[in-house]
Amino acid sequence: MGVVYTEGSLGCGRTVWRSRDAAAAVIPADGCIDVILRGDDVHLAGPSTACIPTSPDVGETIGIRFDPGLAAGVLRFNPAEVRDLAAPLRDVVGAARAAEVARILRTLRSFGTAPRVDLLTSPADGWVGLVRRAAAAGAGAAQVAGEIGWSTRHLRRRMLATFGYGYGALVQVARMRRALSLLGPGRGSPAGPAATRWLSRAATKERPEPKPSLAAVAHAAGYADQAHMTRDFRLLVGRTPAQVAGSQA
């Protein structure tokens with residue numbers, strides 16, 4: 001059996017994913033936190049603000065990915081302490097909570113469902129969704145803090161305690177993902193409207209519209225210029241925009 005990767009929504013900002021016999025890879029930053037069962041060991045992948053190299057897997061690995069700003073309230077830990085790090089889950093949340101999460105993941109791995117999976121959810125504060133939407137729109141920190149009624153300093157403190165990183169990092173990841181969607185769909189790059197239209201025309205054997213230039217992608221995604229986009233991609237994706245675009249050809 002070859003490499004298999006699947007994922008599906010558990011609701012409430014949680015995604016369950018499975019990977020079998022995966023080769024080593026570099027995973028783009030997504031601002032999320034994962035709990036991962038590999039063999040008998042459960043790890044936590046801290047909030048992702050840089051690309052992460054992974055080791056090859058033998059057999060099946062299963063994980064639950066929490067959308068930005070959700071995991072800390074569910075698992076009750078300080079996400080800033082494990083930003084861009086991987087650690088045994090018990091070292092982060094304690095042995096009892098780690099054992100509970102391990103039981104849920106083992107049940108998901110064996111049966112595809114887990115009756116107790118709703119233990120891994122908690123209502124998110126309203127400001128969390130507001131901040132995520134603002135970051136996706138490229139709004140500035142001062143504007144967002146003002147809308148909530150906070151100072152920018154207080155916003156940063158709350159971001160670190162809830163997301164594990166500051167508002168600027170969330171904007172940076174959102175901007176990179178917009179650029180990836182314009183460069184074309186692929187693993188780790190969500191298909192945006194421009195890429196979807198291009199593929200649709202190709203699938204119906206119409207002449208596809210030319211893909212946008214890298215400079216045009218940078219402008220549309222909200223970068224100052226193409227060089228700015230390239231710097232961010234090296235950090236967040238582990239490849240340059242030109243390398244990503246070439247792999248989609």
# chains A, B, ... in the order shown; residues from 1 in each chain; ligands from 1
>>> residues_around(residues="Arg116 (chain A)", least_positions_apart="2", cutoff="12 Å", atoms="only C-alpha atoms", output="MDAnalysis selection string")
chainID A and resid 10 100:108 113:114 118:121
>>> closest_residue(among="A:Ala87, A:Ala145, A:Ala221, A:Ala216", to="Leu130 (chain A)", atoms="only C-alpha atoms")
A:Ala145
>>> select_by_dssp(residues="region 7-42 of chain A", states="strand (DSSP E or B)", output="PyMOL selection string")
chain A and resi 7-11+14-20+25-27+33-38+41-42
>>> residues_around(residues="Glu60 (chain A)", least_positions_apart="5", cutoff="8 Å", atoms="only C-alpha atoms", output="PyMOL selection string")
chain A and resi 18-21+38-39
>>> write_last_selection(atoms="all heavy atoms", output="short mmCIF file (atom, residue, chain, number, x, y, z; two decimals), in the first residue's frame")
data_model
loop_
_atom_site.label_atom_id
_atom_site.label_comp_id
_atom_site.auth_asym_id
_atom_site.auth_seq_id
_atom_site.Cartn_x
_atom_site.Cartn_y
_atom_site.Cartn_z
N ARG A 18 -5.27 11.31 9.07
CA ARG A 18 -4.56 10.04 9.11
C ARG A 18 -3.49 10.04 8.04
O ARG A 18 -3.72 10.51 6.92
CB ARG A 18 -5.51 8.86 8.85
CG ARG A 18 -6.59 8.67 9.89
CD ARG A 18 -7.61 7.64 9.41
NE ARG A 18 -8.68 7.44 10.37
CZ ARG A 18 -8.69 6.48 11.28
NH1 ARG A 18 -7.68 5.61 11.33
NH2 ARG A 18 -9.69 6.35 12.12
N SER A 19 -2.36 9.48 8.37
CA SER A 19 -1.26 9.37 7.41
C SER A 19 -0.65 7.98 7.55
O SER A 19 -0.38 7.53 8.67
CB SER A 19 -0.21 10.45 7.69
OG SER A 19 0.89 10.32 6.82
N ARG A 20 -0.46 7.30 6.43
CA ARG A 20 0.13 5.96 6.45
C ARG A 20 1.38 5.93 5.59
O ARG A 20 1.36 6.32 4.43
CB ARG A 20 -0.87 4.92 5.96
CG ARG A 20 -0.30 3.49 5.90
CD ARG A 20 -1.33 2.50 5.42
NE ARG A 20 -2.39 2.33 6.40
CZ ARG A 20 -2.30 1.51 7.45
NH1 ARG A 20 -1.19 0.80 7.65
NH2 ARG A 20 -3.29 1.40 8.28
N ASP A 21 2.48 5.47 6.19
CA ASP A 21 3.75 5.28 5.47
C ASP A 21 4.19 6.56 4.75
O ASP A 21 4.67 6.52 3.61
CB ASP A 21 3.64 4.14 4.46
CG ASP A 21 3.34 2.80 5.14
OD1 ASP A 21 3.76 2.63 6.31
OD2 ASP A 21 2.68 1.95 4.53
N ARG A 38 1.37 8.38 17.31
CA ARG A 38 2.28 7.67 16.41
C ARG A 38 2.76 6.42 17.15
O ARG A 38 3.47 6.52 18.14
CB ARG A 38 3.45 8.57 16.02
CG ARG A 38 4.44 7.94 15.05
CD ARG A 38 5.54 8.90 14.66
NE ARG A 38 5.06 9.97 13.79
CZ ARG A 38 4.97 11.25 14.15
NH1 ARG A 38 5.34 11.63 15.37
NH2 ARG A 38 4.53 12.16 13.31
N GLY A 39 2.32 5.26 16.67
CA GLY A 39 2.58 4.05 17.43
C GLY A 39 1.81 4.09 18.73
O GLY A 39 0.59 4.27 18.74
#
>>> residues_around(residues="Gln226 (chain A)", least_positions_apart="2", cutoff="7 Å", atoms="only C-alpha atoms", output="compact mmCIF listing (two decimals) with N, CA, C and O atoms, in the first residue's frame")
# COMPACT_ATOMS: atom_id res chain seq x y z
N LEU A 214 4.27 35.88 -10.39
CA LEU A 214 4.59 35.90 -8.97
C LEU A 214 4.40 37.30 -8.39
O LEU A 214 3.94 37.45 -7.25
N ALA A 215 4.73 38.32 -9.16
CA ALA A 215 4.53 39.69 -8.69
C ALA A 215 3.04 39.97 -8.48
O ALA A 215 2.65 40.62 -7.50
N ALA A 218 1.89 38.19 -5.33
CA ALA A 218 2.34 38.93 -4.14
C ALA A 218 1.44 40.11 -3.86
O ALA A 218 1.03 40.35 -2.71
N HIS A 228 9.29 40.33 -0.57
CA HIS A 228 8.66 40.12 0.73
C HIS A 228 7.99 38.75 0.77
O HIS A 228 8.13 37.99 1.75
N MET A 229 7.27 38.39 -0.28
CA MET A 229 6.62 37.09 -0.35
C MET A 229 7.65 35.96 -0.31
O MET A 229 7.46 34.95 0.39
N THR A 230 8.75 36.12 -1.01
CA THR A 230 9.78 35.08 -1.04
C THR A 230 10.38 34.87 0.34
O THR A 230 10.60 33.73 0.77
>>> residues_around(residues="Gly126 (chain A)", least_positions_apart="4", cutoff="12 Å", atoms="only C-alpha atoms", output="ChimeraX atom specification")
/A:69-70,130-133,148
>>> residues_around(residues="Pro47 (chain A)", least_positions_apart="4", cutoff="8 Å", atoms="only C-alpha atoms", output="mmCIF file with N, CA, C and O atoms, in the first residue's frame")
data_model
loop_
_atom_site.group_PDB
_atom_site.id
_atom_site.type_symbol
_atom_site.label_atom_id
_atom_site.label_comp_id
_atom_site.auth_asym_id
_atom_site.auth_seq_id
_atom_site.Cartn_x
_atom_site.Cartn_y
_atom_site.Cartn_z
ATOM 1 N N GLY A 31 -0.464 27.872 11.829
ATOM 2 C CA GLY A 31 -0.942 28.493 13.045
ATOM 3 C C GLY A 31 -1.711 27.565 13.959
ATOM 4 O O GLY A 31 -2.211 27.996 15.003
ATOM 5 N N CYS A 32 -1.811 26.290 13.601
ATOM 6 C CA CYS A 32 -2.624 25.334 14.340
ATOM 7 C C CYS A 32 -1.797 24.557 15.368
ATOM 8 O O CYS A 32 -0.566 24.627 15.386
ATOM 9 N N ILE A 33 -2.494 23.803 16.199
ATOM 10 C CA ILE A 33 -1.891 22.901 17.169
ATOM 11 C C ILE A 33 -2.463 21.507 16.920
ATOM 12 O O ILE A 33 -3.670 21.358 16.700
ATOM 13 N N PRO A 68 -6.497 27.677 14.865
ATOM 14 C CA PRO A 68 -5.787 28.644 15.714
ATOM 15 C C PRO A 68 -6.661 29.200 16.835
ATOM 16 O O PRO A 68 -7.811 29.571 16.624
ATOM 17 N N PRO A 79 0.280 27.810 25.316
ATOM 18 C CA PRO A 79 0.770 27.462 23.984
ATOM 19 C C PRO A 79 2.056 28.177 23.602
ATOM 20 O O PRO A 79 2.821 27.679 22.773
ATOM 21 N N ALA A 80 2.319 29.344 24.187
ATOM 22 C CA ALA A 80 3.536 30.083 23.831
ATOM 23 C C ALA A 80 4.794 29.309 24.211
ATOM 24 O O ALA A 80 5.850 29.488 23.609
ATOM 25 N N VAL A 82 5.389 26.216 23.788
ATOM 26 C CA VAL A 82 5.711 25.135 22.845
ATOM 27 C C VAL A 82 5.538 25.590 21.400
ATOM 28 O O VAL A 82 5.344 24.763 20.502
ATOM 29 N N ARG A 83 5.624 26.889 21.152
ATOM 30 C CA ARG A 83 5.502 27.390 19.788
ATOM 31 C C ARG A 83 6.567 26.759 18.901
ATOM 32 O O ARG A 83 7.764 26.762 19.219
ATOM 33 N N ASP A 84 6.128 26.169 17.786
ATOM 34 C CA ASP A 84 7.008 25.548 16.789
ATOM 35 C C ASP A 84 7.850 24.415 17.371
ATOM 36 O O ASP A 84 8.930 24.109 16.862
ATOM 37 N N LEU A 85 7.344 23.779 18.418
ATOM 38 C CA LEU A 85 8.043 22.653 19.038
ATOM 39 C C LEU A 85 7.121 21.438 19.061
ATOM 40 O O LEU A 85 5.903 21.553 19.009
ATOM 41 N N PHE A 163 -3.372 31.786 21.492
ATOM 42 C CA PHE A 163 -2.868 31.269 20.218
ATOM 43 C C PHE A 163 -1.444 30.726 20.346
ATOM 44 O O PHE A 163 -1.060 29.832 19.596
ATOM 45 N N GLY A 164 -0.654 31.321 21.240
ATOM 46 C CA GLY A 164 0.748 30.928 21.374
ATOM 47 C C GLY A 164 1.693 31.817 20.601
ATOM 48 O O GLY A 164 2.899 31.607 20.617
ATOM 49 N N TYR A 165 1.168 32.841 19.930
ATOM 50 C CA TYR A 165 1.970 33.775 19.145
ATOM 51 C C TYR A 165 1.186 35.073 19.022
ATOM 52 O O TYR A 165 -0.001 35.134 19.355
#
>>> atom_distance(atom1="CA of Ser48 (chain A)", atom2="CA of Pro28 (chain A)")
8.4 Å
>>> atom_distance(atom1="CA of Gly129 (chain A)", atom2="CA of Arg14 (chain A)")
14.3 Å
>>> closest_residue(among="A:Pro241, A:Gly11, A:Gly168, A:Gly59", to="Asp40 (chain A)", atoms="only C-alpha atoms")
A:Gly59
>>> residues_around(residues="Val93 (chain A)", least_positions_apart="3", cutoff="10 Å", atoms="only C-alpha atoms", output="VMD selection string")
chain A and resid 44 72 75 to 78 88 to 90 96 to 99
>>> closest_residue(among="A:Trp150, A:Ile36, A:Asp30, A:Ala25", to="Ser55 (chain A)", atoms="only C-alpha atoms")
A:Ala25
>>> select_by_dssp(residues="region 20-178 of chain A", states="helix (DSSP H, G or I)", output="PyMOL selection string")
chain A and resi 71-75+79-82+89-93+95-111+117-120+126-137+141-148+152-162+167-178
>>> atom_distance(atom1="CA of Cys12 (chain A)", atom2="CA of Ser151 (chain A)")
28.5 Å
